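Participant: Here you go, this is data-v6.cif (mmCIF, C-alpha atoms and all ligand atoms).
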data_data
loop_
_atom_site.label_atom_id
_atom_site.label_comp_id
_atom_site.auth_asym_id
_atom_site.auth_seq_id
_atom_site.Cartn_x
_atom_site.Cartn_y
_atom_site.Cartn_z
CA PRO A 1183 19.93 7.20 15.17
CA HIS A 1184 21.57 8.02 18.50
CA ILE A 1185 21.31 6.22 21.84
CA LEU A 1186 20.29 8.97 24.26
CA PRO A 1187 20.85 9.30 28.02
CA ILE A 1188 17.85 8.09 30.05
CA ALA A 1189 16.47 10.41 32.75
CA LYS A 1190 16.43 8.74 36.19
CA ARG A 1191 13.96 9.25 39.08
CA GLY A 1192 14.68 12.64 40.63
CA GLU A 1193 15.01 14.43 37.27
CA PRO A 1194 12.28 17.12 37.23
CA ILE A 1195 11.31 16.36 33.62
CA LEU A 1196 9.91 12.98 34.74
CA GLN A 1197 7.41 14.77 37.00
CA GLN A 1198 6.15 17.27 34.44
CA ARG A 1199 3.23 16.87 32.04
CA ALA A 1200 4.65 16.65 28.51
CA HIS A 1201 3.46 18.92 25.69
CA THR A 1202 1.42 18.07 22.60
CA VAL A 1203 3.40 17.65 19.38
CA SER A 1204 2.26 20.37 16.93
CA ASN A 1205 3.83 18.94 13.74
CA VAL A 1206 4.58 15.21 13.62
CA HIS A 1207 6.19 15.71 10.16
CA ASP A 1208 8.89 17.98 11.64
CA PRO A 1209 12.24 16.25 10.86
CA ALA A 1210 13.29 16.86 14.50
CA ILE A 1211 10.25 14.84 15.66
CA GLN A 1212 11.02 12.04 13.20
CA GLN A 1213 14.64 11.93 14.45
CA LEU A 1214 13.47 11.91 18.07
CA ILE A 1215 11.25 8.91 17.36
CA ASP A 1216 14.19 7.08 15.76
CA ASN A 1217 16.44 7.96 18.73
CA MET A 1218 13.77 6.84 21.24
CA LEU A 1219 13.54 3.49 19.44
CA ALA A 1220 17.35 3.01 19.39
CA THR A 1221 17.57 3.99 23.06
CA MET A 1222 14.75 1.62 24.09
CA LEU A 1223 16.24 -1.30 22.15
CA ALA A 1224 19.72 -0.68 23.64
CA ALA A 1225 18.14 -0.77 27.10
CA ASN A 1226 16.14 -3.93 26.34
CA GLY A 1227 12.92 -2.07 26.98
CA VAL A 1228 9.40 -2.90 25.82
CA GLY A 1229 8.48 0.77 25.79
CA ILE A 1230 9.80 4.29 26.29
CA ALA A 1231 8.35 7.81 26.57
CA ALA A 1232 9.92 11.06 25.29
CA PRO A 1233 10.40 12.59 28.76
CA GLN A 1234 12.67 9.64 29.59
CA VAL A 1235 15.12 10.97 26.98
CA PHE A 1236 14.68 14.56 28.22
CA SER A 1237 12.10 15.61 25.58
CA PRO A 1238 8.94 17.02 27.21
CA LEU A 1239 6.72 15.79 24.35
CA ARG A 1240 3.69 13.49 24.18
CA ILE A 1241 5.36 10.68 22.21
CA ILE A 1242 5.52 7.06 23.42
CA ILE A 1243 6.88 3.89 21.85
CA VAL A 1244 5.31 0.48 22.55
CA ALA A 1245 7.26 -2.64 21.60
CA SER A 1246 5.91 -5.73 23.33
CA ARG A 1247 7.89 -8.93 22.99
CA PRO A 1248 7.82 -12.23 24.87
CA ASN A 1249 9.96 -11.97 28.01
CA GLN A 1250 10.70 -14.19 30.98
CA ARG A 1251 8.12 -12.40 33.16
CA TYR A 1252 5.49 -12.45 30.40
CA PRO A 1253 6.33 -15.34 28.05
CA ASP A 1254 3.01 -15.06 26.22
CA ALA A 1255 3.42 -11.34 25.49
CA PRO A 1256 2.82 -10.71 21.79
CA LEU A 1257 5.79 -9.91 19.54
CA MET A 1258 4.96 -6.64 17.74
CA GLU A 1259 6.62 -4.12 15.45
CA PRO A 1260 7.64 -1.18 17.68
CA LEU A 1261 4.82 1.40 17.41
CA ALA A 1262 5.13 5.17 18.01
CA LEU A 1263 2.00 6.83 19.43
CA VAL A 1264 2.04 10.64 19.09
CA ASN A 1265 -0.35 12.73 21.24
CA PRO A 1266 -2.02 9.59 22.60
CA GLU A 1267 -5.40 9.94 24.34
CA ILE A 1268 -6.84 7.14 26.43
CA LEU A 1269 -10.55 7.21 25.53
CA TRP A 1270 -11.68 4.29 27.72
CA ARG A 1271 -10.24 1.85 30.25
CA SER A 1272 -11.92 -1.42 31.21
CA ALA A 1273 -13.12 -1.85 34.78
CA GLU A 1274 -11.36 -5.21 34.68
CA THR A 1275 -7.75 -4.87 35.86
CA SER A 1276 -4.69 -7.09 36.26
CA LEU A 1277 -1.61 -6.95 38.51
CA TYR A 1278 2.00 -7.22 37.28
CA ASP A 1279 5.42 -6.34 38.71
CA GLU A 1280 6.57 -3.48 36.47
CA GLY A 1281 10.09 -2.26 35.89
CA CYS A 1282 11.04 1.18 34.61
CA LEU A 1283 14.13 2.34 32.72
CA SER A 1284 14.04 5.48 34.86
CA VAL A 1285 13.81 3.59 38.17
CA PRO A 1286 16.58 0.98 37.89
CA ASP A 1287 16.66 -2.20 40.01
CA THR A 1288 13.03 -1.76 41.03
CA ARG A 1289 9.91 -3.89 40.46
CA VAL A 1290 6.58 -2.45 41.62
CA PRO A 1291 3.31 -4.43 41.52
CA MET A 1292 1.00 -2.23 39.42
CA GLU A 1293 -2.73 -2.70 38.88
CA ARG A 1294 -3.68 -1.65 35.34
CA ALA A 1295 -6.81 -1.82 33.16
CA GLU A 1296 -6.87 -5.07 31.19
CA GLN A 1297 -8.21 -3.30 28.08
CA LEU A 1298 -8.15 0.26 26.78
CA GLN A 1299 -9.16 2.32 23.75
CA VAL A 1300 -6.51 4.78 22.51
CA ARG A 1301 -6.61 7.55 19.91
CA TYR A 1302 -3.22 8.71 18.62
CA LEU A 1303 -1.29 9.93 15.58
CA THR A 1304 1.09 7.52 13.89
CA ARG A 1305 4.55 8.85 13.01
CA ASP A 1306 3.14 9.35 9.47
CA GLY A 1307 0.46 11.66 10.85
CA GLN A 1308 -2.43 9.16 10.51
CA ALA A 1309 -5.13 9.57 13.20
CA VAL A 1310 -5.91 6.06 14.56
CA GLU A 1311 -8.26 4.71 17.24
CA THR A 1312 -7.42 1.20 18.53
CA ARG A 1313 -8.38 -1.11 21.39
CA TYR A 1314 -5.57 -3.02 23.15
CA HIS A 1315 -5.56 -5.66 25.89
CA GLY A 1316 -3.05 -7.54 28.04
CA PHE A 1317 0.64 -6.69 28.09
CA ILE A 1318 0.41 -4.12 25.25
CA ALA A 1319 -2.37 -2.28 27.12
CA ARG A 1320 -0.16 -2.35 30.21
CA ILE A 1321 2.86 -0.88 28.39
CA ILE A 1322 0.68 1.90 26.93
CA GLN A 1323 -0.61 2.81 30.42
CA HIS A 1324 2.95 2.78 31.82
CA GLU A 1325 4.22 5.04 29.01
CA TYR A 1326 1.13 7.29 29.18
CA ASP A 1327 1.89 7.82 32.88
CA HIS A 1328 5.36 9.05 31.85
CA ILE A 1329 3.93 11.82 29.62
CA GLU A 1330 1.64 12.74 32.53
CA GLY A 1331 4.67 13.05 34.86
CA ILE A 1332 3.78 9.90 36.79
CA LEU A 1333 6.48 7.37 37.77
CA ILE A 1334 6.14 3.94 39.42
CA GLN A 1335 7.12 4.38 43.07
CA PRO A 1336 9.45 1.82 44.76
O1 LIG B 1401 10.51 2.65 31.64
C1 LIG B 1401 9.84 2.32 30.68
O2 LIG B 1401 8.89 3.00 30.26
C2 LIG B 1401 10.14 0.97 30.03
C3 LIG B 1401 9.44 -0.10 30.86
C4 LIG B 1401 8.23 -0.53 30.12
C5 LIG B 1401 7.35 -1.44 30.91
C6 LIG B 1401 5.99 -1.28 30.78
C7 LIG B 1401 5.10 -2.10 31.45
C8 LIG B 1401 5.55 -3.12 32.24
C9 LIG B 1401 6.91 -3.29 32.39
C10 LIG B 1401 7.81 -2.46 31.74
C11 LIG B 1401 10.41 -1.28 31.15
O3 LIG B 1401 11.47 -0.90 31.92
S1 LIG B 1401 11.09 -2.09 29.81
C12 LIG B 1401 12.01 -3.43 30.64
C13 LIG B 1401 11.12 -4.64 30.73
C14 LIG B 1401 11.13 -5.52 29.65
C15 LIG B 1401 10.27 -6.62 29.66
C16 LIG B 1401 9.38 -6.84 30.73
C17 LIG B 1401 9.38 -5.94 31.80
C18 LIG B 1401 10.25 -4.85 31.81
ZN ZN B 1402 8.97 3.64 32.85
#
Mind turning the file's structure into structure tokens?
Facilitator:
Amino acid sequence: PHILPIAKRGEPILQQRAHTVSNVHDPAIQQLIDNMLATMLAANGVGIAAPQVFSPLRIIIVASRPNQRYPDAPLMEPLALVNPEILWRSAETSLYDEGCLSVPDTRVPMERAEQLQVRYLTRDGQAVETRYHGFIARIIQHEYDHIEGILIQP
């Protein structure tokens, strides 16, 4: 896998709605997912979205791990969500200072739903519907914003 350049705020691709993936089994899609993972890990991220590596596609990676800001964040296997749809968000929200690989040296307090229900394709093409809460739910909402062309604003 390759570490890819990360688009920074001001790049038009970060403000565009990304496109649905038509064939998750396409080798180019599988390579992109591997490259997104390598790029996120190299940047010490807990998530990344395809537009951040200049691919206008609806693919996000979520990879929560304990960190100094969120010591009780769960440690999880990095998970690729293809064509994610947020089916439901809880009315209950929480506030957290979020960073963004595309907006360096910035922390923005963001209010996010505490729980959400997501439908997505795994990288193997399995259709899955799952409920998340806490830091993982937050990462998913942050990455989902990226494929909607929404960035945190300093
Ligand atoms: O730009 C991105 O999408 C990666 C974001 C993911 C993120 C989601 C929700 C809340 C905070 C960050 C980060 O830049 S990854 C860096 C990071 C790592 C641990 C905790 C906070 C930020
Ligand atoms: Zn971000």
Participant: Could you give me the residues within 7 Å of ligand LIG 1401 (chain B), counting only C-alpha atoms and all ligand atoms, as a compact mmCIF listing (two decimals) with C-alpha atoms, keeping the file's coordinate frame?
Facilitator:
# COMPACT_ATOMS: atom_id res chain seq x y z
CA ASN A 1226 16.14 -3.93 26.34
CA GLY A 1227 12.92 -2.07 26.98
CA VAL A 1228 9.40 -2.90 25.82
CA GLY A 1229 8.48 0.77 25.79
CA ILE A 1230 9.80 4.29 26.29
CA ALA A 1231 8.35 7.81 26.57
CA ASN A 1249 9.96 -11.97 28.01
CA ARG A 1251 8.12 -12.40 33.16
CA TYR A 1252 5.49 -12.45 30.40
CA GLU A 1280 6.57 -3.48 36.47
CA GLY A 1281 10.09 -2.26 35.89
CA CYS A 1282 11.04 1.18 34.61
CA LEU A 1283 14.13 2.34 32.72
CA SER A 1284 14.04 5.48 34.86
CA ARG A 1320 -0.16 -2.35 30.21
CA ILE A 1321 2.86 -0.88 28.39
CA HIS A 1324 2.95 2.78 31.82
CA GLU A 1325 4.22 5.04 29.01
Participant: Determine, counting all atoms listed in the file, which protein, DNA and RNA residues have an atom within 9 Å of an atom of Gln1297 (chain A); residues of the same chain fewer than 6 positions away are not included. Present the result as a PyMOL selection string.
Facilitator: chain A and resi 1270-1275+1313-1316+1319-1320
Participant: Compare A:Asp1327, A:Arg1191, A:Leu1261, A:Ile1318 by their minimum atom-to-atom distance to Leu1303 (chain A), counting only C-alpha atoms, and give me the closest one.
Facilitator: A:Leu1261
Participant: Return the single residue from A:Leu1223, A:Leu1257, A:Ala1309, A:Ala1189 that is closest to ligand ZN 1402 (chain B), with distances computed using all atoms listed in the file.
Facilitator: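 Ranking A:Leu1223, A:Leu1257, A:Ala1309, A:Ala1189 by distance to ligand ZN 1402 (chain B), first place goes to A:Ala1189.
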Participant: Counting only C-alpha atoms, which residues sit no farther than 12 Å from the position (8.6, 4.8, 11.7) in the file's frame? I'd like them as a PyMOL selection string.
Facilitator: chain A and resi 1206-1207+1211-1220+1243+1259-1264+1303-1308
Participant: One decimal, in Å: what's the spacing between CA of Gln1250 (chain A) and CA of His1184 (chain A)?
Facilitator: 27.7 Å
Participant: Expressed in Å to a single decimal, how great is the separation between CA of Ala1210 (chain A) and CA of Asn1265 (chain A)?
Facilitator: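 Atom-to-atom, CA of Ala1210 (chain A) and CA of Asn1265 (chain A) are spaced 15.8 Å apart.
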Participant: Have a look at A:Ala1295, A:Leu1239, A:Val1244, A:Val1310 and name the one nearest to ligand ZN 1402 (chain B); count all atoms listed in the file.
Facilitator: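 Among A:Ala1295, A:Leu1239, A:Val1244, A:Val1310, it is A:Val1244 that comes nearest to ligand ZN 1402 (chain B).
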Participant: Hey, which of A:Ala1255, A:Leu1277, A:Leu1333, A:Ile1188 ends up closest to ligand ZN 1402 (chain B)? Count only C-alpha atoms and all ligand atoms.
Facilitator: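 Checking each candidate against ligand ZN 1402 (chain B), we get A:Leu1333 as the closest.
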Participant: Please report the interatomic distance between CA of Leu1186 (chain A) and CA of Ile1322 (chain A) in Å with one decimal.
Facilitator: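 Taking CA of Leu1186 (chain A) and CA of Ile1322 (chain A), their separation equals 21.0 Å.
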Participant: Using all atoms listed in the file for the distances, tell me which of A:Pro1253, A:Pro1248, A:Pro1238, A:Pro1233 is nearest to ligand ZN 1402 (chain B).
Facilitator: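 Looking at the shortest contact to ligand ZN 1402 (chain B), the residue is A:Pro1233.
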Participant: Got a sec: who's within 10 Å of Glu1267 (chain A), counting all atoms listed in the file, leaving out chain neighbours fewer than 6 positions off, as a list in words?
Facilitator: Arg1240, Gln1299, Val1300, Arg1301, Tyr1302, Leu1303, Glu1311 and Tyr1326 of chain A
Participant: Using all atoms listed in the file, which of A:Arg1289, A:Arg1294, A:Arg1247, A:Arg1199 sits nearest Ala1232 (chain A)?
Facilitator: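 When distances to Ala1232 (chain A) are compared using all atoms listed in the file, the smallest one comes from A:Arg1199.
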Participant: Give me the residues within 9 Å of Pro1336 (chain A) as a list of chain:residue names, counting all atoms listed in the file and dropping any in the same chain fewer than 5 places off.
Facilitator: A:Val1285, A:Thr1288, A:Arg1289, A:Val1290
